[in-house]
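S.K.: Below is final05.pdb; it holds PDB, C-alpha atoms.
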ATOM      1  CA  MET R1363     103.513  58.847 109.639
ATOM      2  CA  GLU R1364      99.862  57.986 109.081
ATOM      3  CA  PRO R1365      97.029  60.494 109.571
ATOM      4  CA  LEU R1366      95.766  60.867 113.127
ATOM      5  CA  SER R1367      92.830  58.847 114.316
ATOM      6  CA  SER R1368      90.093  60.569 116.284
ATOM      7  CA  SER R1369      91.865  59.669 119.519
ATOM      8  CA  SER R1370      94.659  61.740 121.018
ATOM      9  CA  SER R1371      96.474  58.472 121.749
ATOM     10  CA  SER R1372      97.911  58.771 118.227
ATOM     11  CA  LEU R1373     100.271  61.487 119.471
ATOM     12  CA  PRO R1374     103.969  60.620 119.467
ATOM     13  CA  PRO R1375     104.953  59.095 122.838
ATOM     14  CA  ASN R1376     107.315  60.699 125.371
ATOM     15  CA  ARG R1377     107.128  64.143 123.867
ATOM     16  CA  ARG R1378     109.158  66.874 125.550
ATOM     17  CA  GLY R1379     107.826  70.173 124.203
ATOM     18  CA  PRO R1380     104.276  71.222 123.357
ATOM     19  CA  GLN R1381     102.496  69.483 120.500
ATOM     20  CA  LEU R1382     101.631  71.983 117.751
ATOM     21  CA  ALA R1383      98.788  71.849 115.244
ATOM     22  CA  TRP R1384      98.174  74.109 112.256
ATOM     23  CA  ILE R1385      94.720  74.666 110.744
ATOM     24  CA  GLY R1386      94.458  76.440 107.395
ATOM     25  CA  LEU R1387      96.762  75.901 104.420
ATOM     26  CA  GLY R1388      96.071  78.840 102.138
ATOM     27  CA  ASN R1389      98.767  80.890 100.422
ATOM     28  CA  MET R1390      99.990  82.281 103.725
ATOM     29  CA  GLY R1391      99.514  79.173 105.840
ATOM     30  CA  ARG R1392     101.598  76.951 103.580
ATOM     31  CA  GLY R1393     104.645  79.193 103.844
ATOM     32  CA  MET R1394     104.280  79.570 107.586
ATOM     33  CA  VAL R1395     104.004  75.811 108.033
ATOM     34  CA  LYS R1396     107.112  75.293 105.915
ATOM     35  CA  ASN R1397     109.164  77.473 108.226
ATOM     36  CA  LEU R1398     107.690  75.978 111.375
ATOM     37  CA  VAL R1399     108.668  72.511 110.184
ATOM     38  CA  ARG R1400     112.137  73.480 108.973
ATOM     39  CA  LYS R1401     113.174  76.006 111.618
ATOM     40  CA  GLY R1402     110.769  75.756 114.528
ATOM     41  CA  PRO R1403     111.691  74.263 117.911
ATOM     42  CA  LEU R1404     109.445  71.221 117.417
ATOM     43  CA  ASP R1405     110.043  68.032 119.359
ATOM     44  CA  THR R1406     107.188  66.221 117.615
ATOM     45  CA  PRO R1407     105.716  66.255 114.095
ATOM     46  CA  LEU R1408     103.499  69.228 113.312
ATOM     47  CA  ILE R1409      99.821  68.289 112.984
ATOM     48  CA  ILE R1410      98.339  69.920 109.871
ATOM     49  CA  SER R1411      94.703  70.203 108.836
ATOM     50  CA  ASN R1412      92.793  71.888 106.041
ATOM     51  CA  ARG R1413      89.167  71.920 104.943
ATOM     52  CA  ASN R1414      90.329  70.662 101.549
ATOM     53  CA  ALA R1415      92.326  67.673 102.781
ATOM     54  CA  GLN R1416      94.124  67.204  99.466
ATOM     55  CA  ARG R1417      95.956  70.468 100.045
ATOM     56  CA  ALA R1418      97.408  68.992 103.248
ATOM     57  CA  PHE R1419      98.579  65.870 101.417
ATOM     58  CA  ASP R1420     100.063  67.959  98.591
ATOM     59  CA  LEU R1421     101.976  70.123 101.059
ATOM     60  CA  GLN R1422     103.255  67.104 102.960
ATOM     61  CA  ALA R1423     104.471  65.518  99.724
ATOM     62  CA  ILE R1424     106.571  68.599  98.968
ATOM     63  CA  LEU R1425     107.647  69.552 102.456
ATOM     64  CA  ASP R1426     107.974  66.209 104.208
ATOM     65  CA  PRO R1427     107.953  63.265 101.779
ATOM     66  CA  GLY R1428     109.294  60.960 104.491
ATOM     67  CA  LYS R1429     106.323  61.877 106.724
ATOM     68  CA  GLU R1430     108.642  62.354 109.687
ATOM     69  CA  LYS R1431     107.979  66.025 110.494
ATOM     70  CA  THR R1432     104.268  66.351 109.771
ATOM     71  CA  VAL R1433     101.123  64.355 110.448
ATOM     72  CA  ILE R1434      97.783  65.003 108.746
ATOM     73  CA  ALA R1435      94.688  65.223 110.913
ATOM     74  CA  PRO R1436      91.588  64.022 109.035
ATOM     75  CA  THR R1437      89.436  66.659 110.727
ATOM     76  CA  VAL R1438      89.861  69.885 112.641
ATOM     77  CA  VAL R1439      88.553  68.118 115.736
ATOM     78  CA  ASP R1440      91.364  65.559 115.493
ATOM     79  CA  ALA R1441      93.926  68.312 115.092
ATOM     80  CA  VAL R1442      92.711  70.191 118.154
ATOM     81  CA  GLN R1443      92.303  67.108 120.341
ATOM     82  CA  GLY R1444      95.875  66.060 119.695
ATOM     83  CA  ALA R1445      97.530  69.442 120.279
ATOM     84  CA  ASP R1446      98.651  71.740 123.060
ATOM     85  CA  ILE R1447      99.117  74.831 120.860
ATOM     86  CA  VAL R1448      96.792  75.304 117.885
ATOM     87  CA  PHE R1449      97.609  77.851 115.161
ATOM     88  CA  THR R1450      94.788  78.949 112.864
ATOM     89  CA  CYS R1451      95.092  80.880 109.607
ATOM     90  CA  LEU R1452      91.727  81.087 107.862
ATOM     91  CA  GLY R1453      90.238  83.322 105.199
ATOM     92  CA  ASP R1454      87.488  85.182 106.979
ATOM     93  CA  ASP R1455      85.688  85.981 110.217
ATOM     94  CA  ASP R1456      82.844  83.506 109.738
ATOM     95  CA  ALA R1457      85.231  80.582 109.347
ATOM     96  CA  MET R1458      87.102  81.476 112.527
ATOM     97  CA  ARG R1459      83.929  82.033 114.534
ATOM     98  CA  GLN R1460      82.584  78.679 113.358
ATOM     99  CA  ILE R1461      85.721  76.778 114.358
ATOM    100  CA  ALA R1462      85.873  78.467 117.756
ATOM    101  CA  GLN R1463      82.268  77.631 118.518
ATOM    102  CA  GLU R1464      82.590  74.080 117.238
ATOM    103  CA  MET R1465      85.655  73.400 119.372
ATOM    104  CA  SER R1466      84.197  74.931 122.525
ATOM    105  CA  ASP R1467      80.960  72.957 122.084
ATOM    106  CA  LEU R1468      82.591  69.586 121.451
ATOM    107  CA  PHE R1469      85.045  69.177 124.279
ATOM    108  CA  ASN R1470      86.983  70.726 127.130
ATOM    109  CA  LEU R1471      89.814  72.976 125.988
ATOM    110  CA  ASN R1472      91.596  73.240 129.342
ATOM    111  CA  GLY R1473      95.343  73.636 128.928
ATOM    112  CA  LYS R1474      95.258  74.407 125.198
ATOM    113  CA  LEU R1475      96.528  77.610 123.608
ATOM    114  CA  PHE R1476      94.944  78.947 120.417
ATOM    115  CA  VAL R1477      96.942  81.333 118.232
ATOM    116  CA  ASP R1478      94.991  83.011 115.454
ATOM    117  CA  CYS R1479      96.986  84.349 112.493
ATOM    118  CA  SER R1480      93.899  85.233 110.428
ATOM    119  CA  THR R1481      93.064  88.753 109.292
ATOM    120  CA  VAL R1482      89.739  89.448 110.967
ATOM    121  CA  HIS R1483      87.890  92.391 112.469
ATOM    122  CA  PRO R1484      88.971  93.302 116.024
ATOM    123  CA  ASP R1485      85.430  92.531 117.218
ATOM    124  CA  THR R1486      85.877  88.989 115.909
ATOM    125  CA  THR R1487      89.197  88.689 117.737
ATOM    126  CA  HIS R1488      87.524  89.833 120.941
ATOM    127  CA  HIS R1489      84.792  87.232 120.390
ATOM    128  CA  LEU R1490      87.346  84.451 119.786
ATOM    129  CA  ALA R1491      89.245  85.341 122.935
ATOM    130  CA  ASP R1492      86.010  85.245 124.907
ATOM    131  CA  VAL R1493      84.895  81.878 123.496
ATOM    132  CA  PHE R1494      88.236  80.150 123.971
ATOM    133  CA  THR R1495      88.954  81.475 127.446
ATOM    134  CA  LYS R1496      85.470  80.563 128.672
ATOM    135  CA  ALA R1497      86.188  77.034 127.421
ATOM    136  CA  GLY R1498      89.337  76.901 129.543
ATOM    137  CA  ALA R1499      91.892  77.680 126.832
ATOM    138  CA  GLU R1500      94.375  80.502 126.343
ATOM    139  CA  PHE R1501      94.220  82.781 123.317
ATOM    140  CA  VAL R1502      96.735  84.964 121.473
ATOM    141  CA  ALA R1503      96.057  87.011 118.358
ATOM    142  CA  CYS R1504      98.953  86.817 115.908
ATOM    143  CA  PRO R1505      98.073  88.336 112.510
ATOM    144  CA  VAL R1506     101.041  88.788 110.199
ATOM    145  CA  PHE R1507     102.220  91.312 107.635
ATOM    146  CA  GLY R1508     103.741  90.078 104.389
ATOM    147  CA  ALA R1509     102.807  88.546 101.040
ATOM    148  CA  PRO R1510     102.877  84.772 100.423
ATOM    149  CA  ALA R1511     106.458  85.000  99.113
ATOM    150  CA  VAL R1512     107.419  86.722 102.369
ATOM    151  CA  ALA R1513     105.697  83.975 104.361
ATOM    152  CA  ASP R1514     107.571  81.374 102.336
ATOM    153  CA  ALA R1515     110.870  83.127 103.099
ATOM    154  CA  GLY R1516     110.111  83.330 106.826
ATOM    155  CA  GLN R1517     110.263  87.136 106.780
ATOM    156  CA  LEU R1518     106.842  88.047 108.111
ATOM    157  CA  ILE R1519     106.120  90.646 110.772
ATOM    158  CA  CYS R1520     104.174  88.935 113.549
ATOM    159  CA  VAL R1521     101.792  91.053 115.646
ATOM    160  CA  LEU R1522     101.155  89.456 119.029
ATOM    161  CA  ALA R1523      98.504  90.506 121.538
ATOM    162  CA  GLY R1524      97.186  88.842 124.668
ATOM    163  CA  PRO R1525      98.338  87.800 128.138
ATOM    164  CA  GLU R1526     102.101  87.954 128.665
ATOM    165  CA  ASP R1527     102.341  84.329 129.806
ATOM    166  CA  SER R1528     100.545  83.176 126.668
ATOM    167  CA  ILE R1529     102.630  85.361 124.340
ATOM    168  CA  ARG R1530     105.783  83.935 125.917
ATOM    169  CA  LYS R1531     104.704  80.478 124.721
ATOM    170  CA  VAL R1532     104.194  81.737 121.156
ATOM    171  CA  ARG R1533     107.388  83.797 120.714
ATOM    172  CA  PRO R1534     109.653  80.801 119.899
ATOM    173  CA  TYR R1535     107.671  80.211 116.688
ATOM    174  CA  CYS R1536     107.597  83.814 115.452
ATOM    175  CA  LYS R1537     110.760  85.907 115.082
ATOM    176  CA  GLY R1538     113.520  83.779 113.588
ATOM    177  CA  VAL R1539     111.108  81.073 112.426
ATOM    178  CA  MET R1540     108.012  82.392 110.645
ATOM    179  CA  GLY R1541     109.034  86.038 110.805
ATOM    180  CA  LYS R1542     111.810  88.597 110.911
ATOM    181  CA  ALA R1543     110.288  90.757 113.650
ATOM    182  CA  ASN R1544     107.554  90.886 116.291
ATOM    183  CA  ILE R1545     105.297  93.763 117.280
ATOM    184  CA  GLU R1546     103.805  93.018 120.681
ATOM    185  CA  PHE R1547     100.826  94.204 122.687
ATOM    186  CA  SER R1548     101.793  92.168 125.718
ATOM    187  CA  GLY R1549      99.185  92.195 128.470
ATOM    188  CA  GLN R1550      96.746  94.107 126.276
ATOM    189  CA  SER R1551      93.512  93.171 124.546
ATOM    190  CA  CYS R1552      93.944  90.594 121.790
ATOM    191  CA  SER R1553      91.944  92.885 119.497
ATOM    192  CA  LYS R1554      94.827  95.389 119.420
ATOM    193  CA  ALA R1555      96.727  93.049 117.076
ATOM    194  CA  THR R1556      93.973  92.853 114.476
ATOM    195  CA  LEU R1557      93.294  96.571 114.833
ATOM    196  CA  LEU R1558      96.883  97.214 113.752
ATOM    197  CA  LYS R1559      96.552  94.589 111.030
ATOM    198  CA  ILE R1560      93.446  96.167 109.486
ATOM    199  CA  ILE R1561      94.915  99.678 109.612
ATOM    200  CA  GLY R1562      98.189  98.357 108.198
ATOM    201  CA  ASN R1563      96.380  96.684 105.316
ATOM    202  CA  THR R1564      94.936 100.057 104.279
ATOM    203  CA  PHE R1565      98.525 101.091 103.560
ATOM    204  CA  ILE R1566      98.829  98.105 101.217
ATOM    205  CA  LEU R1567      95.589  99.002  99.445
ATOM    206  CA  ASN R1568      96.717 102.610  99.039
ATOM    207  CA  MET R1569     100.147 101.505  97.795
ATOM    208  CA  ILE R1570      98.626  99.320  95.084
ATOM    209  CA  GLU R1571      96.210 102.079  94.058
ATOM    210  CA  ALA R1572      99.104 104.545  93.733
ATOM    211  CA  LEU R1573     101.161 102.072  91.700
ATOM    212  CA  ALA R1574      98.214 101.307  89.420
ATOM    213  CA  GLU R1575      97.587 104.976  88.720
ATOM    214  CA  GLY R1576     101.287 105.685  88.259
ATOM    215  CA  HIS R1577     101.816 102.881  85.754
ATOM    216  CA  THR R1578      98.684 103.825  83.839
ATOM    217  CA  ILE R1579      99.674 107.460  83.450
ATOM    218  CA  ALA R1580     103.233 106.413  82.589
ATOM    219  CA  GLU R1581     101.868 104.351  79.705
ATOM    220  CA  LYS R1582      99.361 106.928  78.498
ATOM    221  CA  SER R1583     101.769 109.873  78.726
ATOM    222  CA  GLY R1584     104.471 108.128  76.743
ATOM    223  CA  LEU R1585     106.943 107.727  79.610
ATOM    224  CA  GLY R1586     106.599 103.954  79.546
ATOM    225  CA  ASN R1587     106.416 101.437  82.371
ATOM    226  CA  ASP R1588     109.992 100.159  82.346
ATOM    227  CA  HIS R1589     111.643 103.373  83.515
ATOM    228  CA  LEU R1590     108.945 103.966  86.115
ATOM    229  CA  HIS R1591     109.517 100.431  87.416
ATOM    230  CA  GLN R1592     113.269 101.107  87.549
ATOM    231  CA  PHE R1593     112.587 104.231  89.621
ATOM    232  CA  ILE R1594     110.329 102.247  91.973
ATOM    233  CA  GLU R1595     112.951  99.523  92.428
ATOM    234  CA  ILE R1596     115.562 102.119  93.392
ATOM    235  CA  MET R1597     113.381 104.442  95.441
ATOM    236  CA  PHE R1598     110.883 101.987  96.983
ATOM    237  CA  PRO R1599     112.408  98.490  97.168
ATOM    238  CA  GLY R1600     110.351  95.781  98.813
ATOM    239  CA  PRO R1601     106.553  95.620  98.487
ATOM    240  CA  TYR R1602     106.307  98.569  96.087
ATOM    241  CA  ALA R1603     108.808  97.021  93.690
ATOM    242  CA  ALA R1604     107.230  93.577  94.022
ATOM    243  CA  TYR R1605     103.714  94.788  93.179
ATOM    244  CA  SER R1606     105.045  97.013  90.386
ATOM    245  CA  GLY R1607     106.695  93.953  88.855
ATOM    246  CA  ARG R1608     103.499  91.939  89.139
ATOM    247  CA  MET R1609     101.579  94.664  87.339
ATOM    248  CA  ILE R1610     103.856  95.189  84.350
ATOM    249  CA  SER R1611     104.482  91.445  83.938
ATOM    250  CA  GLY R1612     100.745  90.717  83.721
ATOM    251  CA  ASP R1613     100.907  88.401  86.718
ATOM    252  CA  TYR R1614      97.773  90.022  88.135
ATOM    253  CA  TYR R1615      95.576  88.424  85.468
ATOM    254  CA  ARG R1616      97.623  85.431  84.276
ATOM    255  CA  ARG R1617      97.862  83.353  87.440
ATOM    256  CA  GLU R1618      95.404  80.545  88.150
ATOM    257  CA  GLU R1619      95.254  81.179  91.899
ATOM    258  CA  PRO R1620      95.419  84.748  93.254
ATOM    259  CA  LEU R1621      98.158  85.610  95.714
ATOM    260  CA  PHE R1622      95.850  88.020  97.544
ATOM    261  CA  ALA R1623      92.298  87.189  96.505
ATOM    262  CA  VAL R1624      90.033  90.107  95.675
ATOM    263  CA  ASP R1625      87.311  88.764  97.982
ATOM    264  CA  LEU R1626      89.711  88.855 100.929
ATOM    265  CA  ALA R1627      90.999  92.295  99.983
ATOM    266  CA  ARG R1628      87.430  93.628  99.928
ATOM    267  CA  LYS R1629      86.772  91.963 103.277
ATOM    268  CA  ASP R1630      89.715  93.896 104.721
ATOM    269  CA  ALA R1631      88.483  97.133 103.126
ATOM    270  CA  LYS R1632      85.051  96.558 104.668
ATOM    271  CA  HIS R1633      86.606  96.055 108.090
ATOM    272  CA  ALA R1634      88.604  99.276 107.651
ATOM    273  CA  HIS R1635      85.451 101.210 106.736
ATOM    274  CA  ARG R1636      83.693  99.883 109.848
ATOM    275  CA  LEU R1637      86.596 100.934 112.036
ATOM    276  CA  ALA R1638      86.646 104.386 110.465
ATOM    277  CA  GLU R1639      82.915 104.874 110.917
ATOM    278  CA  ALA R1640      83.168 103.840 114.570
ATOM    279  CA  SER R1641      85.917 106.436 114.994
ATOM    280  CA  GLY R1642      83.882 109.202 113.354
ATOM    281  CA  MET R1643      85.909 109.492 110.159
ATOM    282  CA  SER R1644      86.180 108.132 106.627
ATOM    283  CA  LEU R1645      88.994 106.574 104.587
ATOM    284  CA  LYS R1646      88.727 108.208 101.172
ATOM    285  CA  ASP R1647      91.734 106.421  99.675
ATOM    286  CA  VAL R1648      90.369 103.041 100.736
ATOM    287  CA  GLU R1649      86.995 103.914  99.193
ATOM    288  CA  VAL R1650      88.688 104.544  95.830
ATOM    289  CA  ALA R1651      90.712 101.334  96.008
ATOM    290  CA  ASP R1652      87.665  99.296  97.056
ATOM    291  CA  GLY R1653      85.724 100.691  94.117
ATOM    292  CA  HIS R1654      88.421  99.393  91.802
ATOM    293  CA  LEU R1655      88.402  96.044  93.619
ATOM    294  CA  SER R1656      84.699  95.737  92.849
ATOM    295  CA  HIS R1657      85.565  96.029  89.128
ATOM    296  CA  VAL R1658      88.223  93.336  89.562
ATOM    297  CA  GLN R1659      85.563  91.066  91.064
ATOM    298  CA  GLU R1660      83.266  91.682  88.111
ATOM    299  CA  HIS R1661      86.016  91.080  85.568
ATOM    300  CA  MET R1662      87.921  88.166  87.158
ATOM    301  CA  GLY R1663      85.571  86.565  89.693
ATOM    302  CA  LYS R1664      87.299  84.256  92.182
ATOM    303  CA  LYS R1665      90.557  84.479  90.208
ATOM    304  CA  GLY R1666      90.748  88.199  90.885
ATOM    305  CA  ASP R1667      93.852  89.426  92.683
ATOM    306  CA  ILE R1668      94.393  92.654  94.615
ATOM    307  CA  ALA R1669      96.995  93.704  92.032
ATOM    308  CA  GLY R1670      94.153  93.670  89.508
ATOM    309  CA  ILE R1671      93.426  97.211  90.692
ATOM    310  CA  TYR R1672      95.887  98.063  87.915
ATOM    311  CA  GLY R1673      93.553  96.495  85.358
ATOM    312  CA  ALA R1674      90.585  98.392  86.791
ATOM    313  CA  VAL R1675      92.443 101.717  86.558
ATOM    314  CA  ARG R1676      93.450 100.853  82.992
ATOM    315  CA  LEU R1677      89.821 100.192  82.066
ATOM    316  CA  GLU R1678      88.738 103.523  83.522
ATOM    317  CA  SER R1679      91.368 105.275  81.418
ATOM    318  CA  GLY R1680      90.271 103.646  78.161
ATOM    319  CA  LEU R1681      92.856 100.831  78.041
ATOM    320  CA  LYS R1682      92.294  97.083  78.210
ATOM    321  CA  PHE R1683      92.156  95.371  81.617
ATOM    322  CA  GLU R1684      95.146  93.262  80.572
ATOM    323  CA  ASN R1685      98.371  95.137  79.906
TER     324      ASN R1685
END
Re-express the file's structure as structure tokens.
M.R.:
Amino acid sequence: MEPLSSSSSSLPPNRRGPQLAWIGLGNMGRGMVKNLVRKGPLDTPLIISNRNAQRAFDLQAILDPGKEKTVIAPTVVDAVQGADIVFTCLGDDDAMRQIAQEMSDLFNLNGKLFVDCSTVHPDTTHHLADVFTKAGAEFVACPVFGAPAVADAGQLICVLAGPEDSIRKVRPYCKGVMGKANIEFSGQSCSKATLLKIIGNTFILNMIEALAEGHTIAEKSGLGNDHLHQFIEIMFPGPYAAYSGRMISGDYYRREEPLFAVDLARKDAKHAHRLAEASGMSLKDVEVADGHLSHVQEHMGKKGDIAGIYGAVRLESGLKFEN
């Protein structure tokens, strides 16, 4: 199927279910799209769009070489015009605010449903809901928990918040398709979903900080990393074991593209600090982890990964950044 033109007439004829579009093909978005295409209840090809268009073509070549299940929209405007339900998964608040404003300024959004899977501040989610609903659209916040490998496996935890009628339209694409479970704030403010997401991500930051310190002291004390990793695999399977493996294998500094970019991790830490300040408290553990993330930024730049906290802890203890 050829890329969409700027007219919605390029949509497949006689469609039965809603036409879906997906905007944002980062590490998380690619896995989520894969599961939507392979397992989702789609009657028509999924419209995909990305700022870097080549990424959309590369994904289509791997996922849908026959071009029967996906169609590439040349612009975000084309993707939105041709869709009933639009999923977004972008890197930061500014990008989401820009898209929301652009769409609401360009044309009427009556009848469309926007589902944002990005990790943004709850204030941003509230703003998005306001912009889209004033433009005649529905809005559901749907941030997800899980690393890119979890997204690829369709095992994410989807957090849904917004009007019940709107959430009902989104459920068929979450549990059993992109995710293994849903956490719902049905009939509540959309910002509740991203509030949980930001607080939940502090657990991830603290987990990685604890692993980094544990592996560093295991090396320096003579215990060694292998037996500590074995203990972690037995005692804390799942994310703990996965990040432990990434640390001792050197994946945190060897990969060309970070799985969880340091810039995004620091964005989440900043959001957590803002939430804490507004609640009259502080997050000491997050402050420590964010300090180490700043060293990862200095050492690795854009290639820095959240697991590089291990390298930062190593440097502080007199070891090399690389293990």
S.K.: Kindly resolve the PyMOL selection byres ((chain R and resi 1457-1471) around 7) on the present coordinates and return the residues as a compact mmCIF listing (two decimals) with C-alpha atoms, in the frame of the given file.
M.R.:
# COMPACT_ATOMS: atom_id res chain seq x y z
CA LEU R 1452 91.73 81.09 107.86
CA ASP R 1454 87.49 85.18 106.98
CA ASP R 1455 85.69 85.98 110.22
CA ASP R 1456 82.84 83.51 109.74
CA ASN R 1472 91.60 73.24 129.34
CA GLY R 1473 95.34 73.64 128.93
CA LYS R 1474 95.26 74.41 125.20
CA LEU R 1490 87.35 84.45 119.79
CA VAL R 1493 84.90 81.88 123.50
CA PHE R 1494 88.24 80.15 123.97
CA ALA R 1497 86.19 77.03 127.42
CA GLY R 1498 89.34 76.90 129.54
CA ALA R 1499 91.89 77.68 126.83
S.K.: Please provide as number ranges by chain all residues within 12 Å of R:Ser1548, with the sequence filter that same-chain residues fewer than 4 positions apart are discarded (counting only C-alpha atoms).
M.R.: R: 1502-1504, 1521-1530, 1532-1533, 1544, 1552-1555
S.K.: When the PyMOL selection byres ((chain R and resi 1445) around 6) is applied to the structure above, which residues does it catch, written out as an MDAnalysis selection string?
M.R.: chainID R and resid 1381:1383 1442:1444 1446:1447
S.K.: With 4 Å of padding per side, what axis-aligned box (centre and edge lengths, Å, one decimal) covers all the listed atoms of stretch 1559-1572 of chain R? Give it as AutoDock Vina command-line options.
M.R.:
--center_x 96.8 --center_y 99.6 --center_z 102.4 --size_x 14.7 --size_y 18.0 --size_z 25.3
S.K.: Evaluated on this file, the PyMOL selection byres ((chain R and resi 1634-1641) around 10) picks out some residues - which ones are they, written as number ranges by chain?
M.R.: R: 1483-1485, 1557, 1559-1564, 1628-1633, 1642-1646, 1648-1649
S.K.: Pick the closest to R:Tyr1602 from R:Ile1410, R:Ser1679, R:Ala1669, R:Gln1659: which is it, counting all atoms listed in the file?
M.R.: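 For R:Tyr1602, the nearest of the candidates is R:Ala1669.
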S.K.: So which residues fall inside 7 Å of (99.6, 71.0, 110.9) if we count only C-alpha atoms? Mind giving them as a PyMOL selection string?
M.R.: chain R and resi 1383-1385+1408-1411+1432-1434
S.K.: Can I get stretch 1509-1529 of chain R with N, CA and C atoms filled in, as a short mmCIF file (atom, residue, chain, number, x, y, z; two decimals), in the coordinates of the input?
M.R.:
data_model
loop_
_atom_site.label_atom_id
_atom_site.label_comp_id
_atom_site.auth_asym_id
_atom_site.auth_seq_id
_atom_site.Cartn_x
_atom_site.Cartn_y
_atom_site.Cartn_z
N ALA R 1509 103.43 89.30 102.13
CA ALA R 1509 102.81 88.55 101.04
C ALA R 1509 103.19 87.07 101.15
N PRO R 1510 102.53 86.19 100.36
CA PRO R 1510 102.88 84.77 100.42
C PRO R 1510 104.36 84.48 100.22
N ALA R 1511 105.02 85.22 99.32
CA ALA R 1511 106.46 85.00 99.11
C ALA R 1511 107.25 85.34 100.37
N VAL R 1512 106.77 86.34 101.11
CA VAL R 1512 107.42 86.72 102.37
C VAL R 1512 107.19 85.65 103.43
N ALA R 1513 105.98 85.08 103.44
CA ALA R 1513 105.70 83.98 104.36
C ALA R 1513 106.58 82.79 104.04
N ASP R 1514 106.74 82.49 102.76
CA ASP R 1514 107.57 81.37 102.34
C ASP R 1514 109.02 81.56 102.76
N ALA R 1515 109.49 82.83 102.74
CA ALA R 1515 110.87 83.13 103.10
C ALA R 1515 111.07 83.27 104.61
N GLY R 1516 109.99 83.19 105.38
CA GLY R 1516 110.11 83.33 106.83
C GLY R 1516 110.44 84.74 107.26
N GLN R 1517 109.94 85.74 106.52
CA GLN R 1517 110.26 87.14 106.78
C GLN R 1517 109.04 87.96 107.17
N LEU R 1518 108.05 87.34 107.72
CA LEU R 1518 106.84 88.05 108.11
C LEU R 1518 107.08 88.94 109.33
N ILE R 1519 106.18 89.88 109.53
CA ILE R 1519 106.12 90.65 110.77
C ILE R 1519 104.94 90.10 111.56
N CYS R 1520 105.21 89.56 112.72
CA CYS R 1520 104.17 88.94 113.55
C CYS R 1520 103.70 89.93 114.60
N VAL R 1521 102.38 90.13 114.68
CA VAL R 1521 101.79 91.05 115.65
C VAL R 1521 101.11 90.23 116.73
N LEU R 1522 101.64 90.29 117.93
CA LEU R 1522 101.16 89.46 119.03
C LEU R 1522 100.42 90.29 120.06
N ALA R 1523 99.26 89.82 120.49
CA ALA R 1523 98.50 90.51 121.54
C ALA R 1523 97.80 89.49 122.42
N GLY R 1524 97.82 89.74 123.72
CA GLY R 1524 97.19 88.84 124.67
C GLY R 1524 97.97 88.82 125.97
N PRO R 1525 97.64 87.89 126.86
CA PRO R 1525 98.34 87.80 128.14
C PRO R 1525 99.83 87.52 127.95
N GLU R 1526 100.65 88.11 128.78
CA GLU R 1526 102.10 87.95 128.66
C GLU R 1526 102.53 86.49 128.74
N ASP R 1527 101.96 85.74 129.67
CA ASP R 1527 102.34 84.33 129.81
C ASP R 1527 102.02 83.54 128.54
N SER R 1528 100.93 83.88 127.89
CA SER R 1528 100.54 83.18 126.67
C SER R 1528 101.45 83.59 125.51
N ILE R 1529 101.74 84.88 125.41
CA ILE R 1529 102.63 85.36 124.34
C ILE R 1529 104.01 84.73 124.47
#
